[in-house]
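Report on the following structure.
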Amino acid sequence: MNIYEYNSSIKDEFVYMVVRKESKMKFLQNMIAGVALVAMSFTLTGCETTGESAGMGAIIGATAGAIIGNQSGSQGEGAVLGAIIGGTVGAIVKDVEKTKAKQTRTAEETVVEYNYTPTQGESLRFENSTVNPEAIIRGQSTTVAMQYALLGSGVGKQVTETRVIKRNGEVVAQISSETFTRNDGTWLSSQEFRIPENWEKGQYTLEQFASTNKSTISGTAKFFVE
């Protein structure tokens, strides 16, 4: 496997997007999708060891973090996002079911819930993050879900939902990163996936993100692998 060949390719794509001066959030959405595709190619072609995958993730994550930090004016923010993105390379979770979503409150009900007024502009608020069941035997499935409110966007807003798994503060896997069309209101998005047989027993953290071209929100939930 030629690590530098992959790194050069994705780095060129990052630079191309920056030159086009896309918004920070749009850039991030495109980059997450691009890294997910690269990560999937690694899964198919295969790295010899977990260490190789982690090393590749570090290289791509560092590149992504530097560019995000430069574009946003925050090197700290870039480092955090780069670590998350880089950590997912070579660690895509398999046996993931299709995302299910339903609107739990209408736009009108959500406006009342948050005492929202149009002068506030777009409002994206995270309500809760869950894992059910919270204790899972390796090889079995669990369902993760997040609920969030979207207001001030009108009809047909593009929202990217990303789910990653952390252990001891480090990203160990990405469940998914998908973009959906959402209308104003409150949304419950859930997804089922199978816990890999080779995961160590212990506590893990689910981190879920919802992002538009203007803002990003996130929430976490703990679960145990037995």
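Residue numbering restarts at 1 for every chain of the structure tokens, chains are lettered A, B, ... in their displayed order, and ligands are numbered from 1 as they appear.
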Name the residues in contact with Lys100 (chain A) at a cut-off of 9 Å, using only C-alpha atoms, excluding same-chain residues fewer than 3 positions from it; report them as JSON, numbers by chain.
-> {"A": [97, 188, 189, 190, 191]}
Residue selection dump (N, CA and C atoms) as a PDB file, in the first residue's frame:
ATOM      1  N   GLU A  97     -27.325  -0.539   9.299  1.00  0.00           N
ATOM      2  CA  GLU A  97     -28.621  -0.459   8.640  1.00  0.00           C
ATOM      3  C   GLU A  97     -28.888   0.958   8.129  1.00  0.00           C
ATOM      4  N   LEU A 188     -36.114  12.968  14.786  1.00  0.00           N
ATOM      5  CA  LEU A 188     -35.485  11.846  15.464  1.00  0.00           C
ATOM      6  C   LEU A 188     -34.873  10.953  14.397  1.00  0.00           C
ATOM      7  N   SER A 189     -33.535  10.823  14.423  1.00  0.00           N
ATOM      8  CA  SER A 189     -32.812  10.027  13.430  1.00  0.00           C
ATOM      9  C   SER A 189     -32.144   8.846  14.133  1.00  0.00           C
ATOM     10  N   SER A 190     -32.397   7.637  13.649  1.00  0.00           N
ATOM     11  CA  SER A 190     -31.836   6.442  14.296  1.00  0.00           C
ATOM     12  C   SER A 190     -31.189   5.514  13.273  1.00  0.00           C
ATOM     13  N   GLN A 191     -30.274   4.686  13.774  1.00  0.00           N
ATOM     14  CA  GLN A 191     -29.544   3.764  12.897  1.00  0.00           C
ATOM     15  C   GLN A 191     -29.078   2.568  13.719  1.00  0.00           C
TER      16      GLN A 191
END
Residue nearest Lys102 (chain A) among A:Val225, A:Leu151, A:Ala145, A:Ala135 (counting only C-alpha atoms) = A:Ala145
Compile the contact shell of region 208-214 of chain A as a PyMOL selection string: residues with an atom at most 7 Å away, counting only C-alpha atoms, same-chain residues fewer than 6 positions apart removed.
-> chain A and resi 25-26+158-164+220
Requested write-out: C-alpha atoms of the selected residues, as a compact mmCIF listing (two decimals), in the first residue's frame:
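Dumped to result.txt:
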# COMPACT_ATOMS: atom_id res chain seq x y z
CA MET A 25 -19.38 23.96 6.85
CA LYS A 26 -19.86 23.04 3.19
CA GLN A 158 -29.54 19.92 3.68
CA VAL A 159 -28.45 18.43 7.01
CA THR A 160 -25.44 16.14 7.37
CA GLU A 161 -25.67 13.55 10.15
CA THR A 162 -22.41 11.96 11.30
CA ARG A 163 -21.90 9.25 13.90
CA VAL A 164 -18.55 8.16 15.36
CA THR A 220 -22.85 12.03 23.22
Hey, which of A:Met146, A:Arg105, A:Val111, A:Lys222 ends up closest to Asn128 (chain A)? Count only C-alpha atoms.
-> A:Met146
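Here CA of Leu206 (chain A) and CA of Ile175 (chain A) stand 9.5 Å from one another.
Excluding Asn198 (chain A) and any residue on its chain fewer than 2 positions from it, the residues at most 10 Å away by only C-alpha atoms are Arg138, Gly139, Ile195, Pro196, Glu200 and Lys201 of chain A.
As for CA of Trp187 (chain A) and CA of Asn132 (chain A), they are spaced 17.8 Å apart.
The gap separating CA of Thr142 (chain A) from CA of Arg194 (chain A) is 6.5 Å, in Å to one decimal.
Those residues that approach Glu108 (chain A) to within 12 Å, counting only C-alpha atoms, are Tyr114, Asn115, Tyr116, Thr117, Ala149, Leu150, Leu151, Gly152, Gly154, Asn183, Asp184, Gly185 and Thr186 of chain A; same-chain residues fewer than 6 positions away are not listed.
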Can you work out which one of A:Lys166, A:Ile136, A:Gly156, A:Ser123 has the shortest atom-to-atom distance to Thr179 (chain A), counting only C-alpha atoms?
-> A:Gly156
